[in-house]
Amino acid sequence: MPLNYSSLFLGLVLALLYVELIGISPGGLIVPGYFALYLDQPWRPLATIAVAFLILALYRLVSNYFILFGRRRFVFMLLTGAVLGQLWGLALPHLFSEPVGLRVIGWVVPGILASNLERQKILPTLASLILVSVLTFFLSRLFF
């Protein structure tokens, strides 16, 4: 599926408006737009959320031994997300016969989502992500 840049732009605008009005980030400013691109393939957003939770668990484990805050925390989560996303893609062909739908969305999306899950509470972040992603999905189908 080629990237629909108008959907990404709409997702960015809606996420920014949501943050300004509600005060909760929907998983990062670019994440809802990418999720909206793949809502017709629900296993991809679910795989991305699963990897974000793996990143969060690894961060909490590693932060007991290393000083990770601010920029270090964010870079750790982005790099861990990229590595786990690639490992996820490499491991799945050996575990399942249909791994295509279980791929992670992008290299940085899981890390950005994990960073927001750490900064904010999990439930409000995921609820906001779902709301903005679904709104972006339907509005992009309506207008583009």
# chains A, B, ... in the order shown; residues from 1 in each chain; ligands from 1
call {"tool": "residues_around", "arguments": {"residues": "range 63-76 of chain A", "least_positions_apart": "6", "cutoff": "8 Å", "atoms": "only C-alpha atoms", "output": "PyMOL selection string"}}
result
chain A and resi 111-112+115
call {"tool": "write_last_selection", "arguments": {"atoms": "C-alpha atoms", "output": "PDB file, in the first residue's frame"}}
result
ATOM      1  CA  GLY A 111       9.407   3.786  19.957  1.00  0.00           C
ATOM      2  CA  ILE A 112       7.423   7.022  19.841  1.00  0.00           C
ATOM      3  CA  SER A 115       7.788   6.915  24.923  1.00  0.00           C
TER       4      SER A 115
END
call {"tool": "select_by_dssp", "arguments": {"residues": "range 16-70 of chain A", "states": "alpha helix (DSSP H)", "output": "number ranges by chain"}}
result
A: 16-22, 31-37, 43-62
call {"tool": "closest_atom_pairs", "arguments": {"of": "range 39-82 of chain A", "to": "range 118-131 of chain A", "cutoff": "10 Å", "atoms": "only C-alpha atoms", "output": "JSON lines"}}
result
{"residue": "A:Leu39", "atom": "CA", "partner": "A:Ile130", "partner_atom": "CA", "distance": 9.9}
{"residue": "A:Pro45", "atom": "CA", "partner": "A:Ile130", "partner_atom": "CA", "distance": 10.0}
{"residue": "A:Ile49", "atom": "CA", "partner": "A:Leu126", "partner_atom": "CA", "distance": 9.0}
{"residue": "A:Phe53", "atom": "CA", "partner": "A:Glu118", "partner_atom": "CA", "distance": 9.7}
{"residue": "A:Ile55", "atom": "CA", "partner": "A:Glu118", "partner_atom": "CA", "distance": 9.9}
{"residue": "A:Leu56", "atom": "CA", "partner": "A:Glu118", "partner_atom": "CA", "distance": 6.9}
{"residue": "A:Ala57", "atom": "CA", "partner": "A:Glu118", "partner_atom": "CA", "distance": 9.9}
{"residue": "A:Tyr59", "atom": "CA", "partner": "A:Glu118", "partner_atom": "CA", "distance": 9.1}
{"residue": "A:Arg60", "atom": "CA", "partner": "A:Glu118", "partner_atom": "CA", "distance": 9.1}
{"residue": "A:Arg73", "atom": "CA", "partner": "A:Glu118", "partner_atom": "CA", "distance": 9.7}
call {"tool": "closest_residue", "arguments": {"among": "A:Leu17, A:Leu12, A:Ala50, A:Val31", "to": "Gly106 in chain A", "atoms": "only C-alpha atoms"}}
result
A:Val31
call {"tool": "residues_around", "arguments": {"residues": "Ile30 in chain A", "least_positions_apart": "6", "cutoff": "10 Å", "atoms": "only C-alpha atoms", "output": "NGL selection string"}}
result
:A and (8-16 or 108-109 or 112-113)
call {"tool": "atom_distance", "arguments": {"atom1": "CA of Val51 in chain A", "atom2": "CA of Leu117 in chain A"}}
result
12.0 Å
call {"tool": "residues_around", "arguments": {"residues": "Ala36 in chain A", "least_positions_apart": "3", "cutoff": "6 Å", "atoms": "only C-alpha atoms", "output": "PyMOL selection string"}}
result
chain A and resi 32-33+39+133+136-137
call {"tool": "atom_distance", "arguments": {"atom1": "CA of Glu20 in chain A", "atom2": "CA of Gly81 in chain A"}}
result
26.8 Å
call {"tool": "closest_residue", "arguments": {"among": "A:Leu87, A:Leu37, A:Leu46, A:Val104", "to": "Tyr5 in chain A", "atoms": "only C-alpha atoms"}}
result
A:Leu37
